[in-house]
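Asker: Take a look at this one; I'll ask things after.
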Amino acid sequence: MDVLEILLQASFWAATLRIATPLIFGTLGELICERAGVLNLGIEGIMTIGAMSGWLFVFLGVDLWTGILLAAAIGAGFGLLHGLLTVPLGLSQHVTGIGITLLASSLAYFTYRVLLPDVATPPRIEPFQPMAPDWLLAVPFLGPVAAQQTALTWLALGLVPLLSWVLYRTPLGLALRTCGENPVAAEAQGLDVYVIRIGAVMAGSALMAVGGAFLTLSAFNAFFFEMVSGRGWICIALVVFASWIPWKALLGALLFGAFDAFQVRLQQVVGGAVPYQLFLMLPYVMSILALLVMARRAAYPQALMRPYVKGQR
Amino acid sequence: MTTSRDEPPLLRLRGITKRFGGLVANDGIDLDLARGEILALLGENGAGKTTLMSILFGHYVADAGTIEVTGADGAAHQLPPGSARAALAAGIGMVHQHFTLAMNHSVLDNVILGTEPLWAWRQDLGAARARLAALIESTGLAVPMDARVGSLSIGEQQRVELLKALYRSAKVLILDEPTAVLTPQQSALLFTTLRRLAQGGLGIVFISHKLEEVMSLAHRVAVLRHGRKVLEVAATGTDKARLAHAMVDRPVELPKALPQPAGAPALELLGVGVAPAAGVEPLVDVDLTVHAGEIVGIAGVSGNGQRSLAGLVAGTLLPDRGSLRLAGAPWPTGGPKALIAEGVGRIPEDRHRQGVVGDMTIWENLALEGYDAPDCRRFGLLDLARFRRRAQALRERYDIRGGGSETPARLLSGGNMQKLILARVLEPGPRLILAAQPTRGLDIGALAEVHRHLLDARARGAAILLISEDLDELMQLADRVAVLYRGKLGPARPRAGLELARLGLEMAGQGPAAADAA
């Protein structure tokens, strides 16, 4: 098996999509927050608690989609907390975000341990099953790739054009982008900057939590510690990579997913000649390189990380 | 006035009072505005003009008083306090001194922002575009609709602000110091537009501290002083002296430059070029000499290279081509510190960000330059007692008010902050002084102080490079004036032969030749 062979495998592309899915959710979520002018470093923790709570609710007996919705609601709740602290109170978005990450992930582990004190192996649930429309399954090459994807992946892919439409084609999107460019301009046109910014952080955080829940309800069928393992931070970098544009976020997430899927397969090819840690590094090194190329030209939202205080310029 | 007696006023303010801590910014102000009327609100900085209009527009909530707006039904409705949305809905539009535009968005996006219900699946861009085109057509406020606002000139950006208000069918238009950023020609154009809008029935409140433009534009003038309305007269029934007296209530005499011979060259720029880069305004082949005991004024609208020129002299920027000379010797290497040591005083354009460290105290800010001189040390440590004593003396000599030596500099008013900077810069007796927009945003009292200090420095033989957008200031102070346009500096000509109108044309890029032909 050589490199070209890897790229031609349907299983490689299926894995790429699967790895990219939580990143798509997380990156789009972060993108919404940052477009409104709020950096949300709570993403890592919000994904963790999304993963834990989605799994927990399903474990306790609700159906999978209700689990997703509840995880999203909990994510939105942490978004509300981050929004209240950073928007009307104007606290440092960095410090608050790190705090949210610590709080949310610790709370997730704590709840898990309190509810399941004695289990050694994480209890399993019945996860989302792969599904795809028949016409797609019939397409050569794409069919086998699509056959392995669950509904959440299709949802993530569908969110990209939806978010693009909302950001660039609706009054709400224009208002949200203006809050990230110049909140004074939004206020002067009668918009409530606080409400829009907090709303954006809540919506974005809900998506992050769904990205986390994908891990426990689709990719795996259990929750375990450290399972988010830096995906949130990757999303932060992907937003910059994407220059705050949804379809480029999709591109970035797929690229990262491909690197990750590639390195696993490359390990098998090259075998023991190279320490496997080097392969694990590969996607991160590639993202840094891609970031270097893409982010140099990125146009930041002008008011990103700048708190807006009413009646003050 | 075009309104009849029995028609209710468009806008009626009664007993507006606003306090910030102990300071009374507005004290029981009554004001009426009729349809088709242009009302000038005149006053020094800090007189309460902007506060009053911010209350009207819902940025602040008044402590007392009411605002009534006559609606379409002809009845007066009270405006709920503290809501920009309500003010907009009532037909009040405001053009802020600092534009409230999203620079990365298109003109169209800036105009339609907030005019549609937020929860809609699509924007009706076609209709919005047609409506804006009609508005541009009918008002003559020409701007490219799809251009990024940040790529427009200041004058065009101001038109976008006007369009924003008119697009919402504003009945009352408030303009906060709209001419502060314009050339005389652009101002004249704006006035023509405003007169036409007023003829169309719009009520206009025009905030200013410039007497000439108030007299030429307004139907009625209200003067605020220390938060109180001290005078309200028809513009035709008054004169500048009376308004000036009402505004300041103390005789302000602007110092005059006495003729004196210029000395040896103190600053020379020889074919200096600065390449354009991110955040750097380019300069092209600039030649300039400033002699000892001479003030050379640089006229021009901001953004034409002033910042780079100031940066070169301040030591924060190096030329890409050509060279600078200081008092006949090569330009000192070693950046700002070496320049200060060689007797270059710098009054920066942005006093808040470059002139002072806001969170440090007044005495610390006064000690920022030259704190490492040997006589400022005791046993190898900074001699703080000496700094404090010196600060005390400087505060008295330069009349820095608004706090003691321990007050953080950011709490000072613009005028007092500038006096602090002057004290720091002028005290060592520099031989070359860079004064970048030294009176921007200052009221007449502080302005006179700054002028007096600059002229004193000139009298004792300092060379002064004065960069200013205020042509009146240049005509008062400068011995010679050169115009900077798109990075090119015109010849520095003696003030005596210059006309304001011609300078204004040159600032807009119509060079001396073009002006001669006209």
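Just remember, in the structure tokens the first chain shown is A, the second B, etc., residues are 1-based per chain, and ligands are 1-based in the order shown.
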Based on only C-alpha atoms, which of the residues in chain A come within 7 Å of chain B? I want them as a list in words.
Answerer: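 For chain A, the answer reads Arg169, Thr170, Pro171, Leu172, Leu174, Ala175, Thr178, Glu181, Asn182, Val184, Ala185, Ala188, Gln189, Gly190, Leu191 and Gly311 of chain A.
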Asker: For Cys179 (chain A), please output as an mmCIF file with N, CA, C and O atoms, in the first residue's frame all residues within 8 Å (counting only C-alpha atoms; exclusion window: fewer than 3 positions along the same chain).
Answerer:
```cif
data_model
loop_
_atom_site.group_PDB
_atom_site.id
_atom_site.type_symbol
_atom_site.label_atom_id
_atom_site.label_comp_id
_atom_site.auth_asym_id
_atom_site.auth_seq_id
_atom_site.Cartn_x
_atom_site.Cartn_y
_atom_site.Cartn_z
ATOM 1 N N ARG A 35 -17.508 36.546 14.587
ATOM 2 C CA ARG A 35 -18.109 37.499 13.658
ATOM 3 C C ARG A 35 -18.879 38.587 14.411
ATOM 4 O O ARG A 35 -19.025 39.705 13.934
ATOM 5 N N ALA A 36 -19.401 38.228 15.587
ATOM 6 C CA ALA A 36 -20.117 39.221 16.390
ATOM 7 C C ALA A 36 -19.155 39.987 17.297
ATOM 8 O O ALA A 36 -19.576 40.866 18.044
ATOM 9 N N GLY A 37 -17.859 39.620 17.270
ATOM 10 C CA GLY A 37 -16.863 40.372 18.031
ATOM 11 C C GLY A 37 -16.442 39.738 19.335
ATOM 12 O O GLY A 37 -15.767 40.368 20.130
ATOM 13 N N ALA A 175 -26.538 42.550 10.788
ATOM 14 C CA ALA A 175 -26.472 43.135 12.134
ATOM 15 C C ALA A 175 -25.362 42.472 12.935
ATOM 16 O O ALA A 175 -24.557 43.129 13.606
ATOM 17 N N LEU A 176 -25.276 41.131 12.831
ATOM 18 C CA LEU A 176 -24.265 40.390 13.580
ATOM 19 C C LEU A 176 -22.858 40.775 13.120
ATOM 20 O O LEU A 176 -21.974 41.052 13.933
ATOM 21 N N ASN A 182 -18.019 47.167 13.938
ATOM 22 C CA ASN A 182 -18.073 48.434 14.660
ATOM 23 C C ASN A 182 -19.386 48.511 15.428
ATOM 24 O O ASN A 182 -20.403 48.922 14.884
ATOM 25 N N PRO A 183 -19.363 48.086 16.698
ATOM 26 C CA PRO A 183 -20.611 48.061 17.473
ATOM 27 C C PRO A 183 -21.273 49.432 17.576
ATOM 28 O O PRO A 183 -22.492 49.510 17.665
ATOM 29 N N VAL A 184 -20.468 50.494 17.533
ATOM 30 C CA VAL A 184 -21.054 51.833 17.606
ATOM 31 C C VAL A 184 -21.989 52.060 16.417
ATOM 32 O O VAL A 184 -23.062 52.658 16.552
ATOM 33 N N ALA A 185 -21.590 51.552 15.255
ATOM 34 C CA ALA A 185 -22.423 51.697 14.068
ATOM 35 C C ALA A 185 -23.743 50.959 14.252
ATOM 36 O O ALA A 185 -24.802 51.444 13.847
ATOM 37 N N ALA A 186 -23.675 49.781 14.861
ATOM 38 C CA ALA A 186 -24.904 49.013 15.086
ATOM 39 C C ALA A 186 -25.825 49.736 16.064
ATOM 40 O O ALA A 186 -27.025 49.867 15.832
ATOM 41 N N VAL A 193 -26.627 46.008 20.700
ATOM 42 C CA VAL A 193 -25.368 45.270 20.527
ATOM 43 C C VAL A 193 -25.260 44.141 21.553
ATOM 44 O O VAL A 193 -24.829 43.036 21.230
ATOM 45 N N ILE A 196 -27.469 41.160 20.546
ATOM 46 C CA ILE A 196 -26.969 40.467 19.356
ATOM 47 C C ILE A 196 -25.695 39.686 19.683
ATOM 48 O O ILE A 196 -25.533 38.530 19.297
ATOM 49 N N ARG A 197 -24.792 40.322 20.428
ATOM 50 C CA ARG A 197 -23.538 39.623 20.750
ATOM 51 C C ARG A 197 -23.795 38.410 21.642
ATOM 52 O O ARG A 197 -23.258 37.326 21.396
ATOM 53 N N ALA A 303 -13.764 44.688 15.334
ATOM 54 C CA ALA A 303 -14.051 44.889 16.762
ATOM 55 C C ALA A 303 -13.883 43.598 17.559
ATOM 56 O O ALA A 303 -14.350 43.509 18.688
#
```
Asker: Quick one: residues within 12 Å of Leu84 (chain A), only C-alpha atoms counted, chain neighbours fewer than 6 positions away excluded, as JSON, numbers by chain?
Answerer: {"A": [38, 76, 77, 78, 90, 91, 92, 93, 96, 97, 100, 194, 195, 196, 197, 198, 199, 200, 201, 202, 307]}
Asker: Could the residues in this selection be written to a file with N, CA, C and O atoms, as a tab-separated table (two decimals), in the first residue's frame?
Answerer:
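Everything below was put into part.tsv:
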```
chain	number	residue	atom	x	y	z
A	38	VAL	N	-16.85	38.49	19.58
A	38	VAL	CA	-16.49	37.86	20.85
A	38	VAL	C	-15.66	36.60	20.59
A	38	VAL	O	-16.11	35.67	19.92
A	76	ALA	N	-25.51	26.32	24.94
A	76	ALA	CA	-26.02	27.69	24.87
A	76	ALA	C	-25.99	28.33	26.26
A	76	ALA	O	-25.72	29.53	26.39
A	77	GLY	N	-26.24	27.51	27.28
A	77	GLY	CA	-26.20	28.04	28.66
A	77	GLY	C	-24.81	28.54	29.02
A	77	GLY	O	-24.66	29.63	29.58
A	78	PHE	N	-23.79	27.75	28.65
A	78	PHE	CA	-22.42	28.23	28.92
A	78	PHE	C	-22.09	29.43	28.04
A	78	PHE	O	-21.35	30.32	28.46
A	90	GLY	N	-17.98	43.34	30.06
A	90	GLY	CA	-16.75	43.72	29.36
A	90	GLY	C	-15.48	43.11	29.93
A	90	GLY	O	-14.41	43.70	29.84
A	91	LEU	N	-15.57	41.91	30.51
A	91	LEU	CA	-14.35	41.29	31.06
A	91	LEU	C	-13.46	40.79	29.92
A	91	LEU	O	-13.90	40.65	28.78
A	92	SER	N	-12.22	40.50	30.24
A	92	SER	CA	-11.28	40.00	29.24
A	92	SER	C	-11.82	38.71	28.62
A	92	SER	O	-12.16	37.76	29.32
A	93	GLN	N	-11.90	38.70	27.30
A	93	GLN	CA	-12.47	37.53	26.63
A	93	GLN	C	-11.53	36.33	26.72
A	93	GLN	O	-11.99	35.19	26.77
A	96	THR	N	-11.86	35.01	30.53
A	96	THR	CA	-13.18	34.41	30.73
A	96	THR	C	-13.30	33.11	29.95
A	96	THR	O	-13.81	32.10	30.47
A	97	GLY	N	-12.82	33.10	28.72
A	97	GLY	CA	-12.93	31.90	27.89
A	97	GLY	C	-12.18	30.72	28.49
A	97	GLY	O	-12.71	29.61	28.56
A	100	ILE	N	-14.16	29.47	31.31
A	100	ILE	CA	-15.32	28.68	30.88
A	100	ILE	C	-14.86	27.27	30.50
A	100	ILE	O	-15.50	26.27	30.84
A	194	TYR	N	-25.67	44.42	22.78
A	194	TYR	CA	-25.55	43.39	23.82
A	194	TYR	C	-26.36	42.15	23.47
A	194	TYR	O	-25.88	41.02	23.56
A	195	VAL	N	-27.62	42.39	23.07
A	195	VAL	CA	-28.49	41.25	22.76
A	195	VAL	C	-27.92	40.45	21.58
A	195	VAL	O	-27.87	39.22	21.61
A	196	ILE	N	-27.47	41.16	20.55
A	196	ILE	CA	-26.97	40.47	19.36
A	196	ILE	C	-25.69	39.69	19.68
A	196	ILE	O	-25.53	38.53	19.30
A	197	ARG	N	-24.79	40.32	20.43
A	197	ARG	CA	-23.54	39.62	20.75
A	197	ARG	C	-23.80	38.41	21.64
A	197	ARG	O	-23.26	37.33	21.40
A	198	ILE	N	-24.62	38.58	22.68
A	198	ILE	CA	-24.89	37.45	23.57
A	198	ILE	C	-25.60	36.35	22.79
A	198	ILE	O	-25.29	35.16	22.92
A	199	GLY	N	-26.55	36.74	21.95
A	199	GLY	CA	-27.27	35.76	21.14
A	199	GLY	C	-26.32	34.98	20.25
A	199	GLY	O	-26.42	33.76	20.12
A	200	ALA	N	-25.37	35.69	19.64
A	200	ALA	CA	-24.41	35.02	18.76
A	200	ALA	C	-23.54	34.04	19.55
A	200	ALA	O	-23.28	32.92	19.10
A	201	VAL	N	-23.10	34.44	20.74
A	201	VAL	CA	-22.26	33.55	21.54
A	201	VAL	C	-23.06	32.32	21.97
A	201	VAL	O	-22.55	31.19	21.97
A	202	MET	N	-24.35	32.52	22.29
A	202	MET	CA	-25.18	31.37	22.68
A	202	MET	C	-25.37	30.41	21.51
A	202	MET	O	-25.21	29.20	21.66
A	307	PRO	N	-14.46	44.98	23.90
A	307	PRO	CA	-15.75	45.13	24.57
A	307	PRO	C	-16.42	46.43	24.16
A	307	PRO	O	-15.74	47.42	23.88
```
Asker: Which residues are close to region 146-159 of chain A, i.e. within 8 Å by only C-alpha atoms, leaving aside same-chain residues fewer than 6 positions away? Reply as JSON, numbers by chain.
Answerer: {"A": [14, 17, 18, 21, 24, 25, 128, 129, 130, 131, 132, 136, 137, 214, 218, 250]}
Asker: When DSSP works through the backbone of this structure, what residues of region 4-232 of chain B end up as helix (DSSP H, G or I), shown as a PyMOL selection string?
Answerer: chain B and resi 49-56+84-89+107-112+125-139+149-151+154-167+184-199+211-217
Asker: Taking only C-alpha atoms into account, which of B:Arg486, B:Gly461, B:Gly380, B:Leu267 comes nearest Pro332 (chain B)?
Answerer: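 Smallest distance to Pro332 (chain B) is found for B:Leu267.
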Asker: Determine, counting only C-alpha atoms, which protein, DNA and RNA residues have an atom within 10 Å of an atom of Ala448 (chain B); residues of the same chain fewer than 5 positions away are not included. Present the result as a count of residues only.
Answerer: 9
Asker: How many Å separate CA of Gly273 (chain B) from CA of Ile295 (chain B)?
Answerer: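 We find that CA of Gly273 (chain B) and CA of Ile295 (chain B) lie 22.5 Å from each other.
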Asker: Might you pull out every residue within 10 Å of Leu258 (chain B), with only C-alpha atoms counted and same-chain residues fewer than 6 positions away left off, and present them as an NGL selection string?
Answerer: :B and (455 or 458-459 or 477 or 479)
Asker: Could you find all residues in region 274-514 of chain B that DSSP calls strand (DSSP E) from the backbone, and write them as a PyMOL selection string?
Answerer: chain B and resi 274+283-291+295-299+321-326+329-330+344-347+377-378+381-382+432-436+463-468+480-485+488-489+493-494
Asker: Find the residues around Leu103 (chain A) up to 10 Å (only C-alpha atoms counted), leave out those fewer than 2 positions away in its own chain, and share them as a PDB file with N, CA and C atoms, in the first residue's frame.
Answerer:
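The resulting file, around35.pdb, is shown below:
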```pdb
ATOM      1  N   GLY A  42     -13.941  29.351  25.422  1.00  0.00           N
ATOM      2  CA  GLY A  42     -14.631  28.321  26.192  1.00  0.00           C
ATOM      3  C   GLY A  42     -14.911  27.083  25.350  1.00  0.00           C
ATOM      4  N   GLY A  45     -14.008  23.459  26.529  1.00  0.00           N
ATOM      5  CA  GLY A  45     -14.851  22.986  27.630  1.00  0.00           C
ATOM      6  C   GLY A  45     -16.275  22.756  27.196  1.00  0.00           C
ATOM      7  N   ILE A  46     -16.778  23.630  26.329  1.00  0.00           N
ATOM      8  CA  ILE A  46     -18.170  23.498  25.883  1.00  0.00           C
ATOM      9  C   ILE A  46     -18.325  22.233  25.040  1.00  0.00           C
ATOM     10  N   ILE A  49     -18.384  19.352  27.619  1.00  0.00           N
ATOM     11  CA  ILE A  49     -19.643  19.161  28.342  1.00  0.00           C
ATOM     12  C   ILE A  49     -20.758  18.789  27.373  1.00  0.00           C
ATOM     13  N   PHE A  78     -23.787  27.752  28.654  1.00  0.00           N
ATOM     14  CA  PHE A  78     -22.419  28.227  28.918  1.00  0.00           C
ATOM     15  C   PHE A  78     -22.086  29.433  28.043  1.00  0.00           C
ATOM     16  N   GLY A  97     -12.816  33.097  28.716  1.00  0.00           N
ATOM     17  CA  GLY A  97     -12.928  31.900  27.885  1.00  0.00           C
ATOM     18  C   GLY A  97     -12.183  30.725  28.491  1.00  0.00           C
ATOM     19  N   ILE A  98     -10.953  30.964  28.949  1.00  0.00           N
ATOM     20  CA  ILE A  98     -10.182  29.897  29.600  1.00  0.00           C
ATOM     21  C   ILE A  98     -10.942  29.411  30.832  1.00  0.00           C
ATOM     22  N   GLY A  99     -11.510  30.370  31.567  1.00  0.00           N
ATOM     23  CA  GLY A  99     -12.290  30.016  32.756  1.00  0.00           C
ATOM     24  C   GLY A  99     -13.467  29.129  32.398  1.00  0.00           C
ATOM     25  N   ILE A 100     -14.161  29.474  31.312  1.00  0.00           N
ATOM     26  CA  ILE A 100     -15.317  28.679  30.881  1.00  0.00           C
ATOM     27  C   ILE A 100     -14.861  27.268  30.504  1.00  0.00           C
ATOM     28  N   THR A 101     -13.727  27.182  29.806  1.00  0.00           N
ATOM     29  CA  THR A 101     -13.212  25.855  29.436  1.00  0.00           C
ATOM     30  C   THR A 101     -12.916  25.009  30.668  1.00  0.00           C
ATOM     31  N   SER A 105     -15.322  21.750  31.409  1.00  0.00           N
ATOM     32  CA  SER A 105     -14.767  20.389  31.319  1.00  0.00           C
ATOM     33  C   SER A 105     -14.688  19.745  32.705  1.00  0.00           C
ATOM     34  N   SER A 106     -14.317  20.544  33.718  1.00  0.00           N
ATOM     35  CA  SER A 106     -14.263  19.974  35.063  1.00  0.00           C
ATOM     36  C   SER A 106     -15.653  19.531  35.506  1.00  0.00           C
ATOM     37  N   LEU A 107     -16.654  20.362  35.183  1.00  0.00           N
ATOM     38  CA  LEU A 107     -18.018  20.031  35.565  1.00  0.00           C
ATOM     39  C   LEU A 107     -18.474  18.749  34.866  1.00  0.00           C
ATOM     40  N   ALA A 108     -18.046  18.588  33.613  1.00  0.00           N
ATOM     41  CA  ALA A 108     -18.410  17.385  32.873  1.00  0.00           C
ATOM     42  C   ALA A 108     -17.824  16.150  33.551  1.00  0.00           C
TER      43      ALA A 108
END
```
Asker: Could you check how far CA of Val313 (chain B) sits from CA of Arg493 (chain B), in Å to one decimal?
Answerer: 20.6 Å
Asker: Between region 225-256 of chain A and region 288-297 of chain A, at 7 Å or less, what are the per-residue closest atom pairs and their distances in Å? Count only C-alpha atoms, order by chain and rising residue number, and return it as CSV.
Answerer:
```
residue,atom,partner,partner_atom,distance
A:Val240,CA,A:Ala295,CA,6.0
A:Phe241,CA,A:Leu291,CA,5.2
A:Ser243,CA,A:Ala295,CA,6.8
```
Asker: What is the distance between CA of Val3 (chain A) and CA of Gln268 (chain A), in Å to one decimal?
Answerer: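 Going from CA of Val3 (chain A) over to CA of Gln268 (chain A), I get 10.9 Å.
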Asker: Which is closer to Trp233 (chain A) than all the others in A:Trp13, A:Leu115, A:Ile43, A:Gly211, using only C-alpha atoms?
Answerer: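 The answer is A:Ile43, which sits nearest to Trp233 (chain A).
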Asker: Considering only C-alpha atoms, can you say which of A:Pro301, A:Ser11, A:Gly204, A:Asp260 comes closest to Met281 (chain A)?
Answerer: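 Once distances to Met281 (chain A) are computed over only C-alpha atoms, the minimum belongs to A:Asp260.
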